[in-house]
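Undergrad: One file: coords.txt (compact mmCIF, C-alpha atoms and all ligand atoms).
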```txt
# COMPACT_ATOMS: atom_id res chain seq x y z
CA MET A 87 0.00 0.00 0.00
CA SER A 88 1.26 3.46 -0.87
CA ARG A 89 1.99 5.57 2.18
CA THR A 90 2.71 8.71 0.23
CA LEU A 91 0.00 11.10 -0.89
CA THR A 92 -0.84 11.76 -4.48
CA ILE A 93 -0.95 15.52 -4.77
CA ASP A 94 -3.50 16.76 -7.29
CA ASP A 95 -4.05 20.44 -8.13
CA THR A 96 -6.76 20.86 -5.49
CA LEU A 97 -4.58 19.45 -2.73
CA PHE A 98 -1.59 21.46 -3.95
CA GLN A 99 -3.64 24.65 -3.65
CA TYR A 100 -4.61 23.65 -0.11
CA ILE A 101 -0.93 23.14 0.67
CA VAL A 102 -0.07 26.56 -0.78
CA ASP A 103 -2.83 28.07 1.38
CA HIS A 104 -1.87 26.27 4.59
CA ALA A 105 1.70 24.97 4.53
CA ALA A 106 3.45 28.20 3.70
CA ARG A 107 3.34 31.67 5.16
CA GLU A 108 4.76 33.46 2.18
CA HIS A 109 6.16 36.95 2.18
CA PRO A 110 4.45 39.11 -0.50
CA ALA A 111 7.76 39.06 -2.42
CA GLN A 112 7.65 35.24 -2.52
CA VAL A 113 4.11 35.35 -3.91
CA GLY A 114 5.23 37.97 -6.45
CA LEU A 115 8.24 35.90 -7.51
CA ARG A 116 6.14 32.80 -7.99
CA GLU A 117 3.75 34.82 -10.13
CA ALA A 118 6.62 36.32 -12.13
CA THR A 119 7.94 32.80 -12.81
CA ARG A 120 4.58 31.13 -13.53
CA ASP A 121 4.71 31.62 -17.33
CA HIS A 122 8.43 30.88 -17.64
CA PRO A 123 9.08 27.86 -19.90
CA TYR A 124 11.06 26.26 -17.04
CA ALA A 125 8.69 27.29 -14.22
CA GLY A 126 8.58 23.64 -13.11
CA MET A 127 12.17 23.96 -11.87
CA GLN A 128 11.07 26.22 -9.01
CA ILE A 129 10.64 24.59 -5.61
CA GLY A 130 7.12 24.66 -4.17
CA PRO A 131 6.14 27.10 -1.41
CA ASP A 132 5.82 24.21 1.05
CA GLN A 133 9.44 23.24 0.37
CA GLY A 134 10.56 26.86 0.70
CA GLN A 135 8.83 27.02 4.08
CA PHE A 136 10.43 23.74 5.15
CA MET A 137 13.90 24.85 4.15
CA ALA A 138 13.38 28.14 5.99
CA LEU A 139 12.44 26.16 9.10
CA LEU A 140 15.56 23.99 8.79
CA VAL A 141 17.76 27.05 8.44
CA LYS A 142 16.24 28.54 11.60
CA LEU A 143 16.43 25.23 13.50
CA ILE A 144 20.16 24.86 12.94
CA GLY A 145 20.79 28.57 13.50
CA ALA A 146 22.38 28.90 10.07
CA LYS A 147 24.21 32.08 9.11
CA ARG A 148 26.38 31.13 6.17
CA THR A 149 24.62 29.16 3.46
CA ILE A 150 25.27 27.95 -0.08
CA GLU A 151 22.78 27.54 -2.88
CA ILE A 152 23.72 25.68 -6.06
CA GLY A 153 21.08 26.38 -8.72
CA VAL A 154 19.22 29.67 -8.24
CA PHE A 155 16.94 29.87 -11.31
CA THR A 156 14.63 32.87 -10.66
CA GLY A 157 15.56 32.96 -7.00
CA TYR A 158 12.65 31.57 -5.01
CA SER A 159 14.64 29.13 -2.87
CA ALA A 160 17.38 31.73 -2.27
CA LEU A 161 14.67 34.20 -1.20
CA SER A 162 13.09 31.65 1.16
CA VAL A 163 16.43 30.92 2.83
CA ALA A 164 17.50 34.58 2.93
CA LEU A 165 14.24 35.54 4.68
CA ALA A 166 14.94 32.91 7.35
CA LEU A 167 18.50 34.08 8.01
CA PRO A 168 19.50 36.65 10.60
CA GLU A 169 20.42 40.14 9.39
CA ASP A 170 24.09 39.18 9.02
CA GLY A 171 23.31 35.83 7.36
CA ARG A 172 24.43 35.16 3.78
CA VAL A 173 23.54 32.97 0.81
CA LEU A 174 26.41 32.17 -1.56
CA ALA A 175 24.15 31.77 -4.58
CA CYS A 176 25.60 29.91 -7.57
CA ASP A 177 24.17 29.93 -11.07
CA ILE A 178 25.38 30.44 -14.65
CA ASN A 179 22.30 32.07 -16.14
CA ASP A 180 21.81 35.81 -15.74
CA GLU A 181 18.51 35.71 -17.66
CA PHE A 182 17.02 33.46 -14.97
CA THR A 183 18.54 35.09 -11.91
CA ARG A 184 17.71 38.67 -12.88
CA VAL A 185 13.99 37.82 -12.62
CA GLY A 186 14.45 37.36 -8.87
CA LYS A 187 16.48 40.41 -7.98
CA PRO A 188 13.57 42.92 -7.67
CA PHE A 189 11.83 40.46 -5.34
CA TRP A 190 14.96 39.99 -3.20
CA LYS A 191 15.00 43.79 -2.95
CA GLN A 192 11.28 44.01 -2.16
CA ALA A 193 11.82 41.54 0.70
CA GLY A 194 14.78 43.56 2.00
CA VAL A 195 17.19 40.62 1.72
CA GLU A 196 19.15 41.66 -1.38
CA HIS A 197 22.25 42.31 0.75
CA LYS A 198 22.17 38.74 2.08
CA ILE A 199 22.39 37.10 -1.36
CA ASP A 200 25.83 36.99 -2.93
CA LEU A 201 25.17 35.82 -6.50
CA LYS A 202 28.09 34.21 -8.34
CA LEU A 203 27.44 33.82 -12.06
CA GLN A 204 29.92 31.15 -13.09
CA PRO A 205 29.95 27.34 -12.92
CA ALA A 206 29.11 26.36 -9.34
CA MET A 207 32.03 23.93 -9.18
CA LYS A 208 34.40 26.86 -9.78
CA THR A 209 32.77 28.93 -7.03
CA LEU A 210 32.95 26.05 -4.55
CA ASP A 211 36.59 25.31 -5.43
CA GLU A 212 37.43 28.99 -4.97
CA ARG A 213 35.83 29.00 -1.52
CA LEU A 214 37.77 25.87 -0.56
CA ALA A 215 41.01 27.38 -1.87
CA ALA A 216 40.24 30.48 0.23
CA GLY A 217 40.30 28.27 3.34
CA GLU A 218 36.55 28.23 3.96
CA ALA A 219 36.21 24.51 4.69
CA GLY A 220 33.91 24.01 7.68
CA ARG A 221 32.73 27.62 7.57
CA TYR A 222 29.19 27.07 6.23
CA ASP A 223 26.08 25.87 8.04
CA PHE A 224 23.71 24.87 5.26
CA ALA A 225 23.84 24.02 1.56
CA PHE A 226 21.08 23.42 -0.99
CA ILE A 227 22.02 21.49 -4.12
CA ASP A 228 19.61 22.00 -7.03
CA ALA A 229 21.56 22.47 -10.29
CA ASP A 230 22.74 20.12 -13.09
CA LYS A 231 22.15 16.58 -11.87
CA ARG A 232 25.30 15.03 -13.38
CA SER A 233 27.43 17.30 -11.21
CA TYR A 234 25.54 16.53 -7.98
CA ASP A 235 28.21 14.17 -6.66
CA GLY A 236 30.92 16.80 -7.17
CA TYR A 237 28.73 19.43 -5.49
CA TYR A 238 28.00 17.08 -2.59
CA GLU A 239 31.69 16.31 -1.99
CA ARG A 240 32.58 20.00 -2.00
CA CYS A 241 29.65 20.98 0.22
CA LEU A 242 30.61 18.24 2.65
CA GLN A 243 33.97 19.97 3.02
CA LEU A 244 32.50 23.47 3.20
CA VAL A 245 29.87 22.80 5.89
CA ARG A 246 30.75 22.49 9.55
CA GLN A 247 30.15 19.42 11.70
CA ASN A 248 26.37 19.20 12.31
CA GLY A 249 25.88 21.32 9.20
CA LEU A 250 23.16 20.33 6.79
CA ILE A 251 23.17 19.60 3.06
CA ALA A 252 19.79 19.44 1.30
CA ILE A 253 19.79 17.75 -2.10
CA ASP A 254 16.81 18.32 -4.39
CA ASN A 255 15.07 16.05 -6.92
CA THR A 256 16.46 12.84 -5.43
CA LEU A 257 13.30 10.94 -6.43
CA TRP A 258 13.31 12.44 -9.97
CA SER A 259 9.59 11.89 -10.70
CA GLY A 260 10.05 8.27 -9.57
CA GLU A 261 12.57 7.58 -12.34
CA VAL A 262 15.27 6.59 -9.82
CA ALA A 263 13.31 3.41 -9.03
CA ARG A 264 13.36 2.27 -12.67
CA PRO A 265 16.20 1.33 -15.04
CA ALA A 266 17.91 4.59 -15.97
CA LYS A 267 17.02 5.97 -19.39
CA ASN A 268 19.48 8.86 -19.27
CA GLU A 269 22.60 10.13 -17.53
CA ASP A 270 20.72 12.42 -15.14
CA THR A 271 18.75 9.51 -13.73
CA ALA A 272 21.89 7.36 -13.51
CA ALA A 273 23.71 10.14 -11.64
CA LEU A 274 20.89 10.50 -9.13
CA GLN A 275 20.70 6.73 -8.63
CA ALA A 276 24.45 6.53 -8.00
CA LEU A 277 24.28 9.40 -5.51
CA ASN A 278 21.27 7.91 -3.68
CA ASP A 279 23.14 4.58 -3.41
CA LYS A 280 26.26 6.33 -2.14
CA LEU A 281 24.37 8.47 0.40
CA HIS A 282 22.55 5.43 1.72
CA ARG A 283 25.86 3.99 2.93
CA ASP A 284 27.87 7.16 3.46
CA GLU A 285 29.16 7.02 7.06
CA ARG A 286 30.21 10.66 6.99
CA VAL A 287 26.59 11.81 7.25
CA ASP A 288 23.20 11.03 8.77
CA VAL A 289 20.64 10.99 5.99
CA SER A 290 16.92 11.21 5.42
CA LEU A 291 15.29 10.95 2.00
CA LEU A 292 12.00 12.84 2.18
CA THR A 293 9.05 12.74 -0.18
CA VAL A 294 8.94 16.53 -0.24
CA GLY A 295 8.56 18.03 -3.70
CA ASP A 296 10.43 15.81 -6.15
CA GLY A 297 12.37 14.12 -3.34
CA LEU A 298 14.59 16.00 -0.90
CA THR A 299 17.53 14.30 0.80
CA LEU A 300 18.89 15.81 4.00
CA ALA A 301 22.45 14.94 4.96
CA ARG A 302 23.83 16.06 8.34
CA LYS A 303 27.60 16.11 8.56
CA ARG A 304 28.81 13.93 11.42
N1 LIG G 401 16.49 26.36 -6.73
C1 LIG G 401 15.78 26.99 -7.83
C2 LIG G 401 14.37 27.39 -7.40
O1 LIG G 401 13.87 26.87 -6.41
O2 LIG G 401 13.74 28.20 -8.09
C3 LIG G 401 15.71 26.09 -9.04
C4 LIG G 401 17.06 25.78 -9.66
S1 LIG G 401 16.93 25.07 -11.29
C5 LIG G 401 16.29 23.48 -10.95
C6 LIG G 401 18.59 24.70 -11.75
C7 LIG G 401 19.51 25.91 -11.99
O3 LIG G 401 20.84 25.42 -12.09
C8 LIG G 401 19.24 26.70 -13.26
O4 LIG G 401 18.96 28.05 -12.94
C9 LIG G 401 20.55 26.60 -14.05
O5 LIG G 401 20.91 27.79 -14.73
C10 LIG G 401 21.55 26.26 -12.95
N2 LIG G 401 22.75 25.56 -13.41
C11 LIG G 401 22.86 24.60 -14.37
N3 LIG G 401 24.14 24.23 -14.51
C12 LIG G 401 24.87 24.94 -13.60
C13 LIG G 401 26.25 25.01 -13.25
N4 LIG G 401 27.15 24.24 -13.86
N5 LIG G 401 26.62 25.86 -12.27
C14 LIG G 401 25.71 26.64 -11.64
N6 LIG G 401 24.39 26.62 -11.93
C15 LIG G 401 23.98 25.80 -12.91
CA CA G 402 14.83 21.17 -8.05
```
How would this structure read if it were set down as C-alpha cells?
TA:
Amino acid sequence: MSRTLTIDDTLFQYIVDHAAREHPAQVGLREATRDHPYAGMQIGPDQGQFMALLVKLIGAKRTIEIGVFTGYSALSVALALPEDGRVLACDINDEFTRVGKPFWKQAGVEHKIDLKLQPAMKTLDERLAAGEAGRYDFAFIDADKRSYDGYYERCLQLVRQNGLIAIDNTLWSGEVARPAKNEDTAALQALNDKLHRDERVDVSLLTVGDGLTLARKR
C-alpha cells in the first residue's frame, strides 16, 4: 500500500494556502515565474517554508545555494537568516537570476544574497582554496544533476560538523526506481546509493517536492 500522498491540483492549492506563510515578495516571484518555460524547476512554497524552518532550527548564518533559477529558494532561505546571514548563490544564467532580484530587494534581503554567475564547481573550489572549509552551516544542491556528486563532496567539506546539506530532486519523478534511461537519472541513482551507505553523514530521503535528501555532517 502506498503511504505517500498523491498531490493533485486541489490538494496542492490547499498546501499553498496552509503549509506556507509566504512573504508578498515570494508570492510575487512565484507569479513572475509562472509563465516561464522552465517554471517547473522552481521549488514549491511548502518546500521553501520547510527549508526556511531547517535554516532557523540549525541557526544557520552562512549558506550555499547551487542552482538559483529565478531565485525563489534563495529568497526563502534569505528571509529565514538573521540580518548578518548570507547565501552564496551559484548559477550560470543571468537571464534566470535577474527575474528574482527585484523580489529579493522588495523583501529587504538583497544584501544577504551573494550571487556568483559562473559554474558552481568553480565557485565552490574557490571558496575551498580560500580556506573556507567548515565555515558554512547549510547548503542546498539544485543544479545540473550530473554534477551533484561533485557538489555534494565540496559541500561536505565546506559545511561544519552538524551542518546540513539538502539535495533536491532525489526521487526524480520516480525515475530513480526504474532502469535509468538517461545520464541524469543514472547520476541520481548513483548518488542515492552512495548516500545510503555514506558514514560521513546522517541521511533522510524525504518525499517533499520531487524528493529531498537531507544529509547532516557527522
Ligand atoms: N532552486 C531553484 C528554485 O527553487 O527556483 C531552481 C534551480 S533550477 C532546478 C537549476 C539551476 O541550475 C538553473 O537556474 C541553471 O541555470 C543552474 N545551473 C545549471 N548548470 C549549472 C552550473 N554548472 N553551475 C551553476 N548553476 C547551474
Ligand atoms: Ca529542483
Undergrad: Show me a table, sorted first by chain and then by increasing residue number, of the residues of segment 145-258 of chain A having an atom at most 10 Å from segment 98-120 of chain A, each with its shortest atom pair and the distance in Å to one decimal, counting only C-alpha atoms and written as a Markdown table.
TA:
```
| residue | atom | partner | partner_atom | distance |
| --- | --- | --- | --- | --- |
| A:Phe155 | CA | A:Thr119 | CA | 9.6 |
| A:Thr156 | CA | A:Thr119 | CA | 7.0 |
| A:Gly157 | CA | A:Leu115 | CA | 7.9 |
| A:Tyr158 | CA | A:Leu115 | CA | 6.7 |
| A:Ser159 | CA | A:Gln112 | CA | 9.3 |
| A:Leu161 | CA | A:Gln112 | CA | 7.2 |
| A:Ser162 | CA | A:Gln112 | CA | 7.5 |
| A:Leu165 | CA | A:His109 | CA | 8.6 |
| A:Phe182 | CA | A:Thr119 | CA | 9.4 |
| A:Val185 | CA | A:Ala118 | CA | 7.5 |
| A:Gly186 | CA | A:Leu115 | CA | 6.5 |
| A:Lys187 | CA | A:Leu115 | CA | 9.4 |
| A:Pro188 | CA | A:Ala111 | CA | 8.7 |
| A:Phe189 | CA | A:Ala111 | CA | 5.2 |
| A:Trp190 | CA | A:Ala111 | CA | 7.3 |
| A:Lys191 | CA | A:Ala111 | CA | 8.7 |
| A:Gln192 | CA | A:Ala111 | CA | 6.1 |
| A:Ala193 | CA | A:Ala111 | CA | 5.7 |
| A:Gly194 | CA | A:Ala111 | CA | 9.4 |
```
Undergrad: Could you tell me which of A:Ala266, A:Ile253, A:Ile152, A:Leu139 comes closest to Val289 of chain A if we count all atoms listed in the file?
TA: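 For Val289 of chain A, the nearest of the candidates is A:Ile253.
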Undergrad: Which protein, DNA or RNA residues have an atom within 9 Å of ligand CA 402 (chain G), counting only C-alpha atoms and all ligand atoms, as JSON, numbers by chain?
TA: {"A": [126, 127, 128, 129, 153, 227, 228, 229, 253, 254, 255, 256, 295, 296, 297, 298]}
Undergrad: Select, from A:Pro205, A:Gly220, A:Gly134, A:Gly236, the residue with the minimum atom-to-atom distance to ligand LIG 401 (chain G), counting all atoms listed in the file.
TA: A:Pro205
Undergrad: For a quick check of your reading of the model, name the residues lying within 8 Å of the coordinate (29.1, 25.1, -4.7), counting all atoms listed in the file, and write them as a list in words.
TA: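 Every residue inside that radius is included here: Ile150, Glu151, Ile152, Cys176, Ala206, Met207, Lys208, Thr209, Leu210, Asp211, Ile227, Tyr237, Arg240 and Cys241 of chain A.
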Undergrad: For atom CA of Asp235 of chain A and atom CA of Lys280 of chain A, quote the distance in Å rounded to one decimal.
TA: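 Atom-to-atom, atom CA of Asp235 of chain A and atom CA of Lys280 of chain A are spaced 9.3 Å apart.
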Undergrad: So, counting only C-alpha atoms and all ligand atoms, which residue among A:Arg264, A:Arg89, A:Arg213, A:Arg184 is closest to ligand LIG 401 (chain G)?
TA: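 Closest candidate: A:Arg184.
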Undergrad: Hey, can you check how far atom CA of Asp223 of chain A sits from atom CA of Arg148 of chain A?
TA: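 Calculated distance between atom CA of Asp223 of chain A and atom CA of Arg148 of chain A is 5.6 Å.
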Undergrad: For segment 223-240 of chain A, I'd like the enclosing box, axis-aligned and padded by 3 Å on every side, reported as JSON with centre and edge lengths in Å to one decimal.
TA:
```
{"center_x": 26.1, "center_y": 20.0, "center_z": -2.7, "size_x": 19.0, "size_y": 17.7, "size_z": 27.4}
```
Undergrad: Counting all atoms listed in the file, figure out which residue out of A:Glu196, A:Glu218, A:Glu169, A:Asp230 gets nearest to ligand LIG 401 (chain G).
TA: A:Asp230
Undergrad: Env of Ile251 of chain A: 6 Å cut, atoms = all atoms listed in the file, seq-sep filter 4 positions within chain, self excluded. Answer as a PyMOL selection string.
TA: chain A and resi 224-226+300-301
Undergrad: Which residue gives the smallest distance to Glu212 of chain A among A:Leu174, A:Ile199, A:Ala263, A:Ala252, with all atoms listed in the file counted?
TA: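 Smallest separation from Glu212 of chain A among the options: A:Leu174.
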Undergrad: Grab the atom CA of Arg286 of chain A to atom CA of Leu214 of chain A distance for me, in Å with one decimal place.
TA: 18.6 Å
Undergrad: Go through A:Asp177, A:Asp95, A:Glu261, A:Asp200 one by one, measure the shortest atom-to-atom distance of each to Leu274 of chain A using only C-alpha atoms, and give the residue with the smallest value.
TA: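 Among the listed residues, A:Glu261 lies closest to Leu274 of chain A.
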Undergrad: Identify, on the basis of only C-alpha atoms, every residue whose closest approach to Ala276 of chain A does not exceed 12 Å; exclude the query and any residue fewer than 2 positions from it along the same chain; express the result as a count of residues only.
TA: 22
Undergrad: Can you give me N, CA and C atoms for segment 192-215 of chain A, written as a PDB file, keeping the file's coordinate frame?
TA:
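Result file follows (selection12.pdb):
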```pdb
ATOM      1  N   GLN A 192      12.584  43.741  -2.788  1.00  0.00           N
ATOM      2  CA  GLN A 192      11.280  44.010  -2.160  1.00  0.00           C
ATOM      3  C   GLN A 192      11.215  43.402  -0.749  1.00  0.00           C
ATOM      4  N   ALA A 193      11.842  42.228  -0.594  1.00  0.00           N
ATOM      5  CA  ALA A 193      11.820  41.540   0.700  1.00  0.00           C
ATOM      6  C   ALA A 193      12.887  42.087   1.652  1.00  0.00           C
ATOM      7  N   GLY A 194      13.736  42.972   1.160  1.00  0.00           N
ATOM      8  CA  GLY A 194      14.780  43.560   2.000  1.00  0.00           C
ATOM      9  C   GLY A 194      15.911  42.584   2.320  1.00  0.00           C
ATOM     10  N   VAL A 195      16.123  41.599   1.437  1.00  0.00           N
ATOM     11  CA  VAL A 195      17.190  40.620   1.720  1.00  0.00           C
ATOM     12  C   VAL A 195      18.272  40.605   0.627  1.00  0.00           C
ATOM     13  N   GLU A 196      18.201  41.577  -0.260  1.00  0.00           N
ATOM     14  CA  GLU A 196      19.150  41.660  -1.380  1.00  0.00           C
ATOM     15  C   GLU A 196      20.604  41.574  -0.898  1.00  0.00           C
ATOM     16  N   HIS A 197      20.873  42.264   0.221  1.00  0.00           N
ATOM     17  CA  HIS A 197      22.250  42.310   0.750  1.00  0.00           C
ATOM     18  C   HIS A 197      22.713  40.966   1.306  1.00  0.00           C
ATOM     19  N   LYS A 198      21.776  40.043   1.531  1.00  0.00           N
ATOM     20  CA  LYS A 198      22.170  38.740   2.080  1.00  0.00           C
ATOM     21  C   LYS A 198      22.541  37.744   0.980  1.00  0.00           C
ATOM     22  N   ILE A 199      22.187  38.073  -0.271  1.00  0.00           N
ATOM     23  CA  ILE A 199      22.390  37.100  -1.360  1.00  0.00           C
ATOM     24  C   ILE A 199      23.563  37.526  -2.239  1.00  0.00           C
ATOM     25  N   ASP A 200      24.610  36.715  -2.181  1.00  0.00           N
ATOM     26  CA  ASP A 200      25.830  36.990  -2.930  1.00  0.00           C
ATOM     27  C   ASP A 200      25.809  36.070  -4.161  1.00  0.00           C
ATOM     28  N   LEU A 201      25.359  36.635  -5.292  1.00  0.00           N
ATOM     29  CA  LEU A 201      25.170  35.820  -6.500  1.00  0.00           C
ATOM     30  C   LEU A 201      26.474  35.707  -7.286  1.00  0.00           C
ATOM     31  N   LYS A 202      26.873  34.470  -7.556  1.00  0.00           N
ATOM     32  CA  LYS A 202      28.090  34.210  -8.340  1.00  0.00           C
ATOM     33  C   LYS A 202      27.673  33.587  -9.662  1.00  0.00           C
ATOM     34  N   LEU A 203      27.839  34.330 -10.750  1.00  0.00           N
ATOM     35  CA  LEU A 203      27.440  33.820 -12.060  1.00  0.00           C
ATOM     36  C   LEU A 203      28.629  33.188 -12.777  1.00  0.00           C
ATOM     37  N   GLN A 204      28.870  31.960 -12.461  1.00  0.00           N
ATOM     38  CA  GLN A 204      29.920  31.150 -13.090  1.00  0.00           C
ATOM     39  C   GLN A 204      29.638  29.706 -12.652  1.00  0.00           C
ATOM     40  N   PRO A 205      30.242  28.716 -13.320  1.00  0.00           N
ATOM     41  CA  PRO A 205      29.950  27.340 -12.920  1.00  0.00           C
ATOM     42  C   PRO A 205      30.109  27.140 -11.408  1.00  0.00           C
ATOM     43  N   ALA A 206      29.120  26.510 -10.806  1.00  0.00           N
ATOM     44  CA  ALA A 206      29.110  26.360  -9.340  1.00  0.00           C
ATOM     45  C   ALA A 206      30.369  25.643  -8.842  1.00  0.00           C
ATOM     46  N   MET A 207      30.853  24.683  -9.627  1.00  0.00           N
ATOM     47  CA  MET A 207      32.030  23.930  -9.180  1.00  0.00           C
ATOM     48  C   MET A 207      33.206  24.884  -8.979  1.00  0.00           C
ATOM     49  N   LYS A 208      33.313  25.870  -9.879  1.00  0.00           N
ATOM     50  CA  LYS A 208      34.400  26.860  -9.780  1.00  0.00           C
ATOM     51  C   LYS A 208      34.237  27.688  -8.503  1.00  0.00           C
ATOM     52  N   THR A 209      33.017  28.130  -8.235  1.00  0.00           N
ATOM     53  CA  THR A 209      32.770  28.930  -7.030  1.00  0.00           C
ATOM     54  C   THR A 209      33.107  28.129  -5.766  1.00  0.00           C
ATOM     55  N   LEU A 210      32.687  26.876  -5.739  1.00  0.00           N
ATOM     56  CA  LEU A 210      32.950  26.050  -4.550  1.00  0.00           C
ATOM     57  C   LEU A 210      34.455  25.804  -4.389  1.00  0.00           C
ATOM     58  N   ASP A 211      35.140  25.527  -5.507  1.00  0.00           N
ATOM     59  CA  ASP A 211      36.590  25.310  -5.430  1.00  0.00           C
ATOM     60  C   ASP A 211      37.314  26.572  -4.968  1.00  0.00           C
ATOM     61  N   GLU A 212      36.827  27.724  -5.421  1.00  0.00           N
ATOM     62  CA  GLU A 212      37.430  28.990  -4.970  1.00  0.00           C
ATOM     63  C   GLU A 212      37.275  29.176  -3.458  1.00  0.00           C
ATOM     64  N   ARG A 213      36.080  28.844  -2.962  1.00  0.00           N
ATOM     65  CA  ARG A 213      35.830  29.000  -1.520  1.00  0.00           C
ATOM     66  C   ARG A 213      36.706  28.044  -0.711  1.00  0.00           C
ATOM     67  N   LEU A 214      36.892  26.831  -1.243  1.00  0.00           N
ATOM     68  CA  LEU A 214      37.770  25.870  -0.560  1.00  0.00           C
ATOM     69  C   LEU A 214      39.215  26.358  -0.585  1.00  0.00           C
ATOM     70  N   ALA A 215      39.631  26.872  -1.750  1.00  0.00           N
ATOM     71  CA  ALA A 215      41.010  27.380  -1.870  1.00  0.00           C
ATOM     72  C   ALA A 215      41.230  28.577  -0.955  1.00  0.00           C
TER      73      ALA A 215
END
```
